[in-house]
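Below is the file run26.txt, which contains compact mmCIF, C-alpha atoms.
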```txt
# COMPACT_ATOMS: atom_id res chain seq x y z
CA MET A 1 -16.46 8.56 27.33
CA LYS A 2 -16.71 4.82 26.66
CA LYS A 3 -14.55 2.48 24.64
CA ALA A 4 -16.23 1.14 21.51
CA ARG A 5 -15.63 -1.16 18.57
CA ILE A 6 -17.14 -1.81 15.18
CA LYS A 7 -19.91 -4.36 15.41
CA ALA A 8 -21.04 -4.47 11.80
CA LEU A 9 -21.32 -2.72 8.48
CA LEU A 10 -24.78 -3.03 6.95
CA VAL A 11 -26.96 -1.46 4.29
CA ASP A 12 -30.06 0.41 5.44
CA LYS A 13 -32.68 -1.05 3.11
CA GLU A 14 -34.99 1.96 3.44
CA ASN A 15 -32.63 4.32 1.62
CA ASN A 16 -29.98 1.86 0.39
CA SER A 17 -27.39 3.71 2.45
CA PRO A 18 -24.51 2.00 4.29
CA VAL A 19 -24.61 2.16 8.06
CA VAL A 20 -21.87 1.22 10.51
CA LEU A 21 -22.88 -0.11 13.92
CA VAL A 22 -20.55 1.03 16.69
CA GLU A 23 -20.84 -1.17 19.79
CA ILE A 24 -20.21 0.34 23.21
CA GLU A 25 -18.01 -2.03 25.23
CA ASN A 26 -19.48 -3.62 28.37
CA SER A 27 -22.97 -2.54 27.36
CA THR A 28 -25.80 -3.74 25.17
CA LYS A 29 -25.87 -0.47 23.22
CA VAL A 30 -24.95 0.30 19.63
CA ILE A 31 -24.69 3.62 17.75
CA PRO A 32 -25.78 3.51 14.10
CA ILE A 33 -23.85 5.91 11.83
CA TRP A 34 -24.95 6.38 8.22
CA ILE A 35 -21.97 6.83 5.93
CA GLY A 36 -21.20 7.41 2.25
CA ALA A 37 -20.71 4.58 -0.24
CA PHE A 38 -17.00 5.16 -0.77
CA GLU A 39 -16.32 5.37 2.97
CA ALA A 40 -18.28 2.12 3.43
CA TRP A 41 -16.15 0.43 0.76
CA ALA A 42 -12.92 1.68 2.39
CA MET A 43 -14.22 0.48 5.76
CA ALA A 44 -15.12 -2.98 4.41
CA MET A 45 -11.63 -3.31 2.93
CA ALA A 46 -10.12 -2.31 6.30
CA ILE A 47 -12.37 -4.75 8.21
CA GLU A 48 -11.37 -7.55 5.85
CA ASN A 49 -7.67 -6.58 6.07
CA ILE A 50 -7.42 -6.60 2.30
CA GLU A 51 -4.14 -5.24 0.99
CA PHE A 52 -3.97 -3.52 -2.38
CA PRO A 53 -0.89 -3.19 -4.56
CA ARG A 54 -1.21 0.62 -4.46
CA PRO A 55 -2.00 2.74 -1.36
CA LEU A 56 -5.66 3.69 -1.02
CA THR A 57 -6.46 7.21 0.19
CA HIS A 58 -6.60 6.16 3.86
CA ASP A 59 -3.31 4.26 3.48
CA LEU A 60 -1.75 7.44 2.09
CA LEU A 61 -3.13 9.28 5.12
CA VAL A 62 -1.58 6.74 7.52
CA ASN A 63 1.74 6.89 5.62
CA CYS A 64 1.76 10.71 5.70
CA ILE A 65 1.15 10.85 9.45
CA GLU A 66 3.75 8.19 10.22
CA SER A 67 6.31 9.74 7.81
CA LEU A 68 5.94 13.00 9.75
CA HIS A 69 6.64 11.06 12.98
CA GLY A 70 3.04 11.35 14.19
CA LYS A 71 1.64 8.61 16.42
CA PHE A 72 -2.05 7.72 16.41
CA GLU A 73 -3.46 7.95 19.91
CA LYS A 74 -7.23 7.61 19.76
CA VAL A 75 -10.40 8.36 17.84
CA VAL A 76 -13.35 9.97 19.63
CA ILE A 77 -16.91 10.32 18.32
CA HIS A 78 -17.68 13.31 20.50
CA SER A 79 -20.99 14.82 19.44
CA ILE A 80 -24.06 14.72 17.23
CA ARG A 81 -25.82 17.73 15.77
CA ASP A 82 -28.65 17.72 13.21
CA ASN A 83 -28.18 13.99 12.67
CA THR A 84 -24.49 14.49 11.87
CA TYR A 85 -21.89 12.82 14.03
CA PHE A 86 -18.60 14.62 14.73
CA ALA A 87 -15.33 12.88 15.50
CA SER A 88 -11.77 13.82 16.34
CA LEU A 89 -8.56 12.04 15.50
CA TYR A 90 -5.86 12.45 18.19
CA VAL A 91 -2.27 12.28 17.02
CA VAL A 92 0.88 12.81 19.09
CA ASP A 93 3.62 14.73 17.28
CA ASN A 94 7.40 14.29 17.47
CA ASP A 95 7.64 16.60 20.50
CA GLY A 96 4.99 14.67 22.42
CA ASN A 97 2.21 17.23 21.88
CA GLU A 98 -1.29 15.87 21.47
CA ILE A 99 -2.98 17.23 18.34
CA GLU A 100 -6.75 17.02 17.80
CA ILE A 101 -7.89 16.88 14.17
CA ASP A 102 -11.53 17.29 13.13
CA SER A 103 -12.81 14.28 11.14
CA ARG A 104 -15.95 12.65 9.90
CA PRO A 105 -16.55 9.47 11.94
CA SER A 106 -16.26 7.32 8.79
CA ASP A 107 -12.68 8.42 8.03
CA ALA A 108 -11.72 8.16 11.70
CA ILE A 109 -13.15 4.64 11.92
CA VAL A 110 -11.31 3.49 8.76
CA LEU A 111 -8.05 4.75 10.29
CA SER A 112 -8.86 3.13 13.64
CA LEU A 113 -9.38 -0.20 11.85
CA LYS A 114 -6.17 0.12 9.82
CA ARG A 115 -3.94 0.83 12.82
CA ASP A 116 -5.93 -0.65 15.73
CA ILE A 117 -6.39 2.82 17.19
CA PRO A 118 -8.65 2.83 20.28
CA LEU A 119 -12.14 4.14 19.47
CA TYR A 120 -14.25 6.03 22.03
CA VAL A 121 -17.76 7.48 22.06
CA ALA A 122 -18.73 10.42 24.31
CA ASN A 123 -21.36 9.66 26.97
CA LYS A 124 -23.78 12.30 25.65
CA VAL A 125 -23.65 10.66 22.18
CA ILE A 126 -24.44 7.28 23.76
CA SER A 127 -27.36 8.69 25.73
CA GLU A 128 -28.74 10.59 22.72
CA SER A 129 -28.22 8.00 19.97
CA GLY A 130 -27.48 4.67 21.60
CA ILE A 131 -29.88 1.85 20.79
CA ASP A 132 -30.20 -0.80 23.48
CA LEU A 133 -30.39 -4.14 21.70
CA THR A 134 -32.03 -5.85 24.70
CA ILE A 135 -34.96 -3.43 24.89
CA GLU A 136 -37.95 -4.06 22.66
CA ALA A 137 -39.24 -0.89 20.99
CA PRO A 138 -42.95 -0.15 21.73
CA SER A 139 -43.86 -0.31 18.02
CA GLU A 140 -41.74 -3.39 17.31
CA ASN A 141 -43.37 -6.04 15.12
CA GLU A 142 -42.14 -9.58 14.42
CA GLU A 143 -39.83 -8.44 11.62
CA ASP A 144 -38.29 -5.69 13.78
CA LYS A 145 -37.72 -8.27 16.50
CA ARG A 146 -36.05 -10.66 14.07
CA PHE A 147 -33.84 -7.81 12.83
CA ARG A 148 -32.92 -6.79 16.39
CA ASN A 149 -31.96 -10.38 17.18
CA PHE A 150 -29.97 -10.58 13.94
CA VAL A 151 -28.08 -7.40 14.84
CA LYS A 152 -27.43 -8.70 18.38
CA GLN A 153 -25.71 -11.74 16.94
CA LEU A 154 -23.52 -9.85 14.48
CA ASP A 155 -19.82 -10.11 15.09
CA ILE A 156 -17.12 -8.45 13.06
CA GLU A 157 -14.56 -11.14 13.94
CA GLN A 158 -16.83 -13.80 12.46
CA PHE A 159 -17.15 -11.63 9.35
CA ARG A 160 -13.35 -11.38 9.14
CA GLU A 161 -12.96 -15.14 9.49
CA MET A 162 -15.63 -15.73 6.86
CA MET A 163 -13.83 -13.38 4.47
CA LYS A 164 -10.44 -15.00 5.12
CA HIS A 165 -12.00 -18.36 4.37
CA ARG A 166 -13.53 -17.01 1.18
CA GLU A 167 -10.24 -15.46 0.07
CA SER A 168 -8.28 -18.61 0.75
CA LYS A 169 -10.63 -20.28 -1.72
CA GLY A 170 -9.26 -17.94 -4.38
CA ASN A 171 -11.98 -15.32 -4.68
CA GLU A 172 -9.66 -12.34 -4.88
CA PRO A 173 -11.15 -8.84 -4.81
CA ASP A 174 -10.96 -6.58 -7.84
CA ASP A 175 -7.94 -4.37 -8.05
CA THR A 176 -8.10 -0.58 -7.76
CA GLU A 177 -7.65 1.68 -10.71
CA ASP A 178 -4.92 4.28 -11.48
CA MET B 1 10.96 16.37 -15.24
CA LYS B 2 8.45 18.87 -16.60
CA LYS B 3 5.89 21.04 -14.86
CA ALA B 4 2.30 20.03 -15.56
CA ARG B 5 -1.26 21.03 -14.76
CA ILE B 6 -4.70 19.48 -14.95
CA LYS B 7 -6.25 20.13 -18.33
CA ALA B 8 -9.53 18.29 -17.93
CA LEU B 9 -11.48 15.55 -16.22
CA LEU B 10 -13.48 13.44 -18.67
CA VAL B 11 -15.28 10.12 -18.88
CA ASP B 12 -13.85 7.50 -21.23
CA LYS B 13 -16.98 6.41 -23.08
CA GLU B 14 -15.53 3.03 -24.03
CA ASN B 15 -15.46 1.75 -20.45
CA ASN B 16 -17.34 4.54 -18.64
CA SER B 17 -14.23 5.22 -16.59
CA PRO B 18 -13.10 8.71 -15.52
CA VAL B 19 -9.86 9.94 -17.01
CA VAL B 20 -7.84 12.98 -16.00
CA LEU B 21 -5.80 14.76 -18.68
CA VAL B 22 -2.51 16.11 -17.37
CA GLU B 23 -1.09 18.80 -19.64
CA ILE B 24 2.68 19.25 -19.87
CA GLU B 25 3.50 22.96 -19.69
CA ASN B 26 5.10 24.62 -22.72
CA SER B 27 4.26 21.61 -24.88
CA THR B 28 1.33 20.26 -26.87
CA LYS B 29 1.37 16.98 -24.93
CA VAL B 30 -1.11 15.51 -22.49
CA ILE B 31 -0.95 12.38 -20.31
CA PRO B 32 -4.26 10.54 -19.84
CA ILE B 33 -4.63 8.84 -16.45
CA TRP B 34 -7.60 6.56 -15.80
CA ILE B 35 -8.83 6.88 -12.23
CA GLY B 36 -11.51 5.47 -9.92
CA ALA B 37 -14.98 6.97 -9.61
CA PHE B 38 -14.53 8.24 -6.06
CA GLU B 39 -11.16 9.81 -6.86
CA ALA B 40 -12.77 11.50 -9.89
CA TRP B 41 -15.54 12.89 -7.69
CA ALA B 42 -13.01 14.19 -5.14
CA MET B 43 -11.00 15.71 -8.01
CA ALA B 44 -14.06 17.41 -9.51
CA MET B 45 -14.92 18.92 -6.12
CA ALA B 46 -11.31 20.17 -5.78
CA ILE B 47 -11.32 21.63 -9.32
CA GLU B 48 -14.57 23.42 -8.59
CA ASN B 49 -13.29 24.65 -5.20
CA ILE B 50 -16.44 23.39 -3.54
CA GLU B 51 -16.31 23.54 0.24
CA PHE B 52 -18.25 21.06 2.33
CA PRO B 53 -19.42 21.56 5.90
CA ARG B 54 -17.41 18.50 7.01
CA PRO B 55 -13.86 17.60 5.92
CA LEU B 56 -13.67 15.11 3.06
CA THR B 57 -10.97 12.43 3.23
CA HIS B 58 -8.44 14.54 1.28
CA ASP B 59 -9.21 17.56 3.50
CA LEU B 60 -8.49 15.39 6.54
CA LEU B 61 -5.22 14.38 4.87
CA VAL B 62 -4.25 18.03 4.31
CA ASN B 63 -5.23 18.90 7.90
CA CYS B 64 -3.20 16.00 9.31
CA ILE B 65 -0.05 16.97 7.38
CA GLU B 66 -0.36 20.64 8.29
CA SER B 67 -1.18 19.87 11.96
CA LEU B 68 2.07 17.89 12.11
CA HIS B 69 3.91 20.95 10.71
CA GLY B 70 4.49 19.31 7.31
CA LYS B 71 4.72 21.56 4.26
CA PHE B 72 3.66 20.34 0.82
CA GLU B 73 6.50 20.75 -1.63
CA LYS B 74 5.57 19.02 -4.88
CA VAL B 75 3.85 16.10 -6.53
CA VAL B 76 5.70 13.99 -9.11
CA ILE B 77 4.21 11.42 -11.47
CA HIS B 78 7.46 9.53 -11.85
CA SER B 79 6.80 6.26 -13.65
CA ILE B 80 4.40 3.94 -15.40
CA ARG B 81 4.43 0.15 -15.19
CA ASP B 82 1.83 -2.26 -16.60
CA ASN B 83 -0.47 0.68 -17.40
CA THR B 84 -0.31 1.89 -13.79
CA TYR B 85 1.10 5.34 -13.06
CA PHE B 86 3.12 5.89 -9.89
CA ALA B 87 3.41 9.20 -8.09
CA SER B 88 5.19 10.62 -5.06
CA LEU B 89 4.08 13.33 -2.69
CA TYR B 90 6.99 15.39 -1.31
CA VAL B 91 6.49 16.94 2.10
CA VAL B 92 9.01 18.93 4.15
CA ASP B 93 8.91 18.16 7.88
CA ASN B 94 9.46 20.52 10.83
CA ASP B 95 13.24 19.99 10.71
CA GLY B 96 13.43 20.83 7.01
CA ASN B 97 13.84 17.23 5.84
CA GLU B 98 12.23 16.33 2.53
CA ILE B 99 10.03 13.23 2.83
CA GLU B 100 8.86 11.26 -0.21
CA ILE B 101 5.55 9.44 0.19
CA ASP B 102 4.29 6.86 -2.32
CA SER B 103 0.86 7.80 -3.75
CA ARG B 104 -1.52 6.97 -6.53
CA PRO B 105 -1.54 9.89 -9.01
CA SER B 106 -5.25 10.52 -8.34
CA ASP B 107 -4.74 11.22 -4.62
CA ALA B 108 -1.63 13.28 -5.32
CA ILE B 109 -3.49 15.35 -7.94
CA VAL B 110 -6.45 16.00 -5.59
CA LEU B 111 -3.98 17.28 -2.96
CA SER B 112 -2.12 19.37 -5.56
CA LEU B 113 -5.43 21.01 -6.54
CA LYS B 114 -6.45 21.64 -2.92
CA ARG B 115 -3.21 23.35 -1.94
CA ASP B 116 -1.84 24.55 -5.30
CA ILE B 117 1.10 22.20 -4.96
CA PRO B 118 3.34 22.17 -8.07
CA LEU B 119 2.77 19.07 -10.20
CA TYR B 120 5.56 17.47 -12.26
CA VAL B 121 5.78 14.57 -14.69
CA ALA B 122 9.02 12.66 -15.30
CA ASN B 123 10.46 12.88 -18.82
CA LYS B 124 10.31 9.10 -19.34
CA VAL B 125 6.57 9.13 -18.52
CA ILE B 126 6.04 11.92 -21.05
CA SER B 127 7.96 10.08 -23.75
CA GLU B 128 6.16 6.78 -23.03
CA SER B 129 2.60 8.02 -22.51
CA GLY B 130 2.38 11.58 -23.76
CA ILE B 131 -0.14 12.24 -26.52
CA ASP B 132 0.72 15.11 -28.83
CA LEU B 133 -2.53 16.92 -29.55
CA THR B 134 -1.14 18.52 -32.72
CA ILE B 135 -0.20 15.22 -34.36
CA GLU B 136 -2.88 13.35 -36.23
CA ALA B 137 -2.84 9.61 -35.53
CA PRO B 138 -2.45 7.42 -38.65
CA SER B 139 -5.80 5.70 -38.05
CA GLU B 140 -7.65 8.91 -37.14
CA ASN B 141 -11.12 9.30 -38.66
CA GLU B 142 -13.34 12.41 -38.66
CA GLU B 143 -14.75 11.67 -35.21
CA ASP B 144 -11.26 11.12 -33.74
CA LYS B 145 -10.20 14.44 -35.25
CA ARG B 146 -13.21 16.23 -33.77
CA PHE B 147 -12.44 14.67 -30.38
CA ARG B 148 -8.77 15.69 -30.60
CA ASN B 149 -9.80 19.26 -31.43
CA PHE B 150 -12.32 19.22 -28.57
CA VAL B 151 -9.61 18.05 -26.14
CA LYS B 152 -7.20 20.71 -27.46
CA GLN B 153 -9.70 23.42 -26.56
CA LEU B 154 -10.44 22.15 -23.07
CA ASP B 155 -9.45 24.47 -20.29
CA ILE B 156 -9.89 23.80 -16.60
CA GLU B 157 -10.16 27.52 -15.79
CA GLN B 158 -13.13 27.82 -18.14
CA PHE B 159 -14.66 24.79 -16.40
CA ARG B 160 -14.16 26.49 -13.02
CA GLU B 161 -15.75 29.72 -14.24
CA MET B 162 -18.68 27.79 -15.71
CA MET B 163 -19.18 25.98 -12.40
CA LYS B 164 -18.98 29.21 -10.40
CA HIS B 165 -21.59 30.70 -12.68
CA ARG B 166 -23.83 27.67 -12.24
CA GLU B 167 -23.45 27.75 -8.45
CA SER B 168 -24.24 31.44 -8.23
CA LYS B 169 -27.53 30.58 -9.90
CA GLY B 170 -28.36 28.48 -6.85
CA ASN B 171 -27.63 24.95 -8.06
CA GLU B 172 -25.85 23.83 -4.94
CA PRO B 173 -24.19 20.43 -4.89
CA ASP B 174 -25.51 17.69 -2.63
CA ASP B 175 -24.03 17.50 0.81
CA THR B 176 -21.89 14.61 1.98
CA GLU B 177 -23.22 12.00 4.30
CA ASP B 178 -22.15 11.13 7.89
```
For this file, produce the structure as structure tokens.
Amino acid sequence: MKKARIKALLVDKENNSPVVLVEIENSTKVIPIWIGAFEAWAMAMAIENIEFPRPLTHDLLVNCIESLHGKFEKVVIHSIRDNTYFASLYVVDNDGNEIEIDSRPSDAIVLSLKRDIPLYVANKVISESGIDLTIEAPSENEEDKRFRNFVKQLDIEQFREMMKHRESKGNEPDDTED
Amino acid sequence: MKKARIKALLVDKENNSPVVLVEIENSTKVIPIWIGAFEAWAMAMAIENIEFPRPLTHDLLVNCIESLHGKFEKVVIHSIRDNTYFASLYVVDNDGNEIEIDSRPSDAIVLSLKRDIPLYVANKVISESGIDLTIEAPSENEEDKRFRNFVKQLDIEQFREMMKHRESKGNEPDDTED
């Protein structure tokens, strides 16, 4: 099991689907996870630290767990089957018992971003799905190479800073409904 | 405070926004609540009792609360301010303490549908926002009247039955991503 962090949130142009890149710490590998549009939006809001006047669904989830005296421990992306990643959210209850809760990786990652919960990826997931950004694929053309170099340079902290800068200029996000 | 139930989930044609109609029991009144597109989708899936292979965000929420020995007690739509409705989710913890958690009505309603949690609306919300389906509005034209009669006849159980029938014919819903 290796520690990981979110490297970037992109859109896969082939199918217009959002994909989150999970970077394995102290390695040159990333895991790409395709996620739904709503989950991508919730993740972007969490990455940008945007606060809404009303609790979003993941905020409600955090508030429920903390109201019931649960403590977030870690998030683990533990396996992949038929192109679907599986994750677990680990919470410690009031009596100190560790509870494992089945989750889609997207929800688990949104929570990990909201509460700085450590994120881990199982070794078998890394060996099966990890993409090494320093290794050129055999079929790689110039555009692939440019994309690989672009991905290598991505940094979520830069993205956060960029967003903060944009917000401070007064471009506020739209509000939620309800 | 009056008991309520979901009467229907519609789309407001004026702004293409989903709206959930909350019916006050033993009355002819409904409360219309405009909600976001994702929340409407999650609500439709809960109304139709559709199960997905992986837990959706509200399923994760239910699993987290129940894993931490919380018991759902009730959902209350307690106020409205600047056209925004406010709700609370009441959960009883392991020691029998009642915990009130701030929620958007849409999330609270999805949870109430998933676990048959009693839903209530505060009297002041009913008097401020309740629409009496038996009373003709002064400006009502023929189309308004037809729409009012259509809304009067809506029934979520019929909708459920219709969906069950459609599913048994093999029209399965799309799967989620991740």
Proximal residues of chain B relative to chain A (all atoms listed in the file; 10 Å) as a PyMOL selection string: chain B and resi 17+19+33-39+54-70+83-86+89-94+97+99-108+176-178
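In this comparison, which uses all atoms listed in the file, the residue of B:Leu113, B:Ala4, B:Ser88, B:Arg81 approaching Val30 (chain B) most closely is B:Ala4.
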Return chain A as a compact mmCIF listing (two decimals) with C-alpha atoms, keeping the file's coordinate frame, after superposing it on chain B by a least-squares fit that covers all C-alpha atoms paired in order.
```
# COMPACT_ATOMS: atom_id res chain seq x y z
CA MET A 1 10.97 16.39 -15.24
CA LYS A 2 8.44 18.90 -16.59
CA LYS A 3 5.88 21.06 -14.86
CA ALA A 4 2.29 20.05 -15.56
CA ARG A 5 -1.28 21.03 -14.77
CA ILE A 6 -4.71 19.48 -14.97
CA LYS A 7 -6.27 20.11 -18.35
CA ALA A 8 -9.55 18.26 -17.94
CA LEU A 9 -11.49 15.52 -16.24
CA LEU A 10 -13.48 13.41 -18.68
CA VAL A 11 -15.26 10.08 -18.89
CA ASP A 12 -13.82 7.48 -21.26
CA LYS A 13 -16.95 6.38 -23.11
CA GLU A 14 -15.49 3.00 -24.06
CA ASN A 15 -15.43 1.71 -20.48
CA ASN A 16 -17.31 4.50 -18.69
CA SER A 17 -14.21 5.18 -16.61
CA PRO A 18 -13.09 8.67 -15.54
CA VAL A 19 -9.85 9.91 -17.03
CA VAL A 20 -7.83 12.96 -16.02
CA LEU A 21 -5.81 14.75 -18.69
CA VAL A 22 -2.52 16.11 -17.37
CA GLU A 23 -1.09 18.82 -19.64
CA ILE A 24 2.67 19.26 -19.87
CA GLU A 25 3.50 22.98 -19.69
CA ASN A 26 5.09 24.63 -22.74
CA SER A 27 4.24 21.62 -24.88
CA THR A 28 1.33 20.27 -26.87
CA LYS A 29 1.36 16.98 -24.95
CA VAL A 30 -1.12 15.51 -22.49
CA ILE A 31 -0.95 12.38 -20.31
CA PRO A 32 -4.25 10.53 -19.85
CA ILE A 33 -4.62 8.82 -16.45
CA TRP A 34 -7.59 6.54 -15.80
CA ILE A 35 -8.81 6.87 -12.23
CA GLY A 36 -11.49 5.44 -9.94
CA ALA A 37 -14.97 6.94 -9.62
CA PHE A 38 -14.52 8.20 -6.07
CA GLU A 39 -11.16 9.79 -6.87
CA ALA A 40 -12.76 11.46 -9.91
CA TRP A 41 -15.54 12.86 -7.71
CA ALA A 42 -13.01 14.16 -5.15
CA MET A 43 -10.99 15.69 -8.00
CA ALA A 44 -14.06 17.39 -9.53
CA MET A 45 -14.92 18.88 -6.14
CA ALA A 46 -11.33 20.15 -5.80
CA ILE A 47 -11.33 21.59 -9.35
CA GLU A 48 -14.61 23.38 -8.63
CA ASN A 49 -13.33 24.62 -5.24
CA ILE A 50 -16.48 23.34 -3.57
CA GLU A 51 -16.35 23.49 0.21
CA PHE A 52 -18.28 20.99 2.30
CA PRO A 53 -19.45 21.50 5.86
CA ARG A 54 -17.46 18.43 6.98
CA PRO A 55 -13.88 17.55 5.90
CA LEU A 56 -13.68 15.07 3.04
CA THR A 57 -10.98 12.39 3.21
CA HIS A 58 -8.45 14.51 1.27
CA ASP A 59 -9.23 17.52 3.49
CA LEU A 60 -8.51 15.35 6.53
CA LEU A 61 -5.23 14.36 4.87
CA VAL A 62 -4.27 18.02 4.30
CA ASN A 63 -5.27 18.89 7.89
CA CYS A 64 -3.23 15.99 9.30
CA ILE A 65 -0.09 16.97 7.39
CA GLU A 66 -0.40 20.65 8.29
CA SER A 67 -1.23 19.87 11.96
CA LEU A 68 2.03 17.89 12.11
CA HIS A 69 3.86 20.96 10.72
CA GLY A 70 4.46 19.34 7.33
CA LYS A 71 4.70 21.57 4.26
CA PHE A 72 3.64 20.35 0.82
CA GLU A 73 6.48 20.76 -1.64
CA LYS A 74 5.58 19.03 -4.88
CA VAL A 75 3.85 16.10 -6.53
CA VAL A 76 5.71 14.02 -9.11
CA ILE A 77 4.22 11.42 -11.47
CA HIS A 78 7.48 9.54 -11.85
CA SER A 79 6.84 6.28 -13.67
CA ILE A 80 4.44 3.95 -15.43
CA ARG A 81 4.48 0.17 -15.23
CA ASP A 82 1.87 -2.24 -16.62
CA ASN A 83 -0.43 0.68 -17.41
CA THR A 84 -0.26 1.89 -13.80
CA TYR A 85 1.11 5.33 -13.07
CA PHE A 86 3.15 5.89 -9.90
CA ALA A 87 3.42 9.20 -8.09
CA SER A 88 5.18 10.62 -5.07
CA LEU A 89 4.07 13.33 -2.70
CA TYR A 90 6.97 15.41 -1.31
CA VAL A 91 6.47 16.95 2.10
CA VAL A 92 8.99 18.94 4.15
CA ASP A 93 8.89 18.19 7.88
CA ASN A 94 9.43 20.54 10.83
CA ASP A 95 13.21 20.02 10.72
CA GLY A 96 13.41 20.87 7.02
CA ASN A 97 13.83 17.26 5.84
CA GLU A 98 12.23 16.36 2.54
CA ILE A 99 10.02 13.26 2.84
CA GLU A 100 8.86 11.28 -0.21
CA ILE A 101 5.55 9.44 0.19
CA ASP A 102 4.31 6.87 -2.32
CA SER A 103 0.87 7.78 -3.75
CA ARG A 104 -1.51 6.96 -6.53
CA PRO A 105 -1.53 9.87 -9.01
CA SER A 106 -5.24 10.50 -8.35
CA ASP A 107 -4.74 11.20 -4.62
CA ALA A 108 -1.64 13.28 -5.34
CA ILE A 109 -3.49 15.34 -7.94
CA VAL A 110 -6.45 15.99 -5.59
CA LEU A 111 -4.00 17.26 -2.97
CA SER A 112 -2.14 19.35 -5.55
CA LEU A 113 -5.45 20.98 -6.54
CA LYS A 114 -6.48 21.63 -2.93
CA ARG A 115 -3.23 23.35 -1.95
CA ASP A 116 -1.86 24.56 -5.31
CA ILE A 117 1.08 22.19 -4.97
CA PRO A 118 3.33 22.18 -8.07
CA LEU A 119 2.77 19.07 -10.20
CA TYR A 120 5.56 17.49 -12.27
CA VAL A 121 5.77 14.58 -14.70
CA ALA A 122 9.03 12.66 -15.29
CA ASN A 123 10.46 12.89 -18.82
CA LYS A 124 10.32 9.11 -19.37
CA VAL A 125 6.58 9.14 -18.52
CA ILE A 126 6.04 11.94 -21.06
CA SER A 127 7.96 10.09 -23.76
CA GLU A 128 6.18 6.78 -23.05
CA SER A 129 2.62 8.02 -22.51
CA GLY A 130 2.39 11.58 -23.76
CA ILE A 131 -0.13 12.22 -26.52
CA ASP A 132 0.72 15.10 -28.82
CA LEU A 133 -2.53 16.92 -29.54
CA THR A 134 -1.15 18.52 -32.72
CA ILE A 135 -0.21 15.21 -34.36
CA GLU A 136 -2.89 13.33 -36.25
CA ALA A 137 -2.86 9.59 -35.51
CA PRO A 138 -2.45 7.39 -38.65
CA SER A 139 -5.80 5.66 -38.04
CA GLU A 140 -7.65 8.85 -37.12
CA ASN A 141 -11.12 9.24 -38.64
CA GLU A 142 -13.34 12.34 -38.65
CA GLU A 143 -14.74 11.60 -35.19
CA ASP A 144 -11.26 11.08 -33.70
CA LYS A 145 -10.21 14.38 -35.24
CA ARG A 146 -13.22 16.17 -33.78
CA PHE A 147 -12.44 14.65 -30.38
CA ARG A 148 -8.77 15.67 -30.60
CA ASN A 149 -9.80 19.23 -31.44
CA PHE A 150 -12.32 19.19 -28.58
CA VAL A 151 -9.62 18.04 -26.15
CA LYS A 152 -7.21 20.71 -27.46
CA GLN A 153 -9.71 23.40 -26.58
CA LEU A 154 -10.46 22.14 -23.08
CA ASP A 155 -9.49 24.48 -20.29
CA ILE A 156 -9.91 23.82 -16.61
CA GLU A 157 -10.15 27.54 -15.80
CA GLN A 158 -13.13 27.87 -18.13
CA PHE A 159 -14.68 24.87 -16.38
CA ARG A 160 -14.13 26.55 -13.01
CA GLU A 161 -15.71 29.78 -14.22
CA MET A 162 -18.65 27.88 -15.67
CA MET A 163 -19.16 26.09 -12.35
CA LYS A 164 -18.91 29.33 -10.35
CA HIS A 165 -21.53 30.84 -12.62
CA ARG A 166 -23.76 27.81 -12.17
CA GLU A 167 -23.37 27.89 -8.39
CA SER A 168 -24.11 31.59 -8.18
CA LYS A 169 -27.42 30.74 -9.82
CA GLY A 170 -28.24 28.64 -6.76
CA ASN A 171 -27.57 25.11 -7.96
CA GLU A 172 -25.84 23.93 -4.82
CA PRO A 173 -24.21 20.49 -4.79
CA ASP A 174 -25.57 17.71 -2.61
CA ASP A 175 -24.12 17.48 0.84
CA THR A 176 -21.95 14.58 2.00
CA GLU A 177 -23.20 11.96 4.37
CA ASP A 178 -22.07 11.07 7.94
```
Between CA of Val110 (chain B) and CA of Asn123 (chain B) - distance in Å to one decimal: 21.7 Å
Selection near Val121 (chain A), 8 Å with all atoms listed in the file, sequence-local residues under 2 positions removed, as an MDAnalysis selection string: chainID A and resid 1:4 24 76:78 119 123 125:126
Point-to-point distance in Å for CA of Asn49 (chain A) and CA of Lys114 (chain A): 7.8 Å
Local residues around (-5.8, 15.3, -17.2), at most 7 Å away, using only C-alpha atoms, as a PyMOL selection string: chain B and resi 6-9+19-23+31-33
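The smallest atom-to-atom distance between Ser27 (chain A) and any of A:Val75, A:Arg5, A:Ser112, A:Ile50, using all atoms listed in the file, is found for A:Arg5.
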One-decimal distance in Å that lies between CA of Ile135 (chain A) and CA of Asp155 (chain A): 19.2 Å
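Proximity of B:Lys124, B:Ile156, B:Pro18, B:Glu25 to Glu48 (chain B), computed with only C-alpha atoms, is greatest for B:Ile156.
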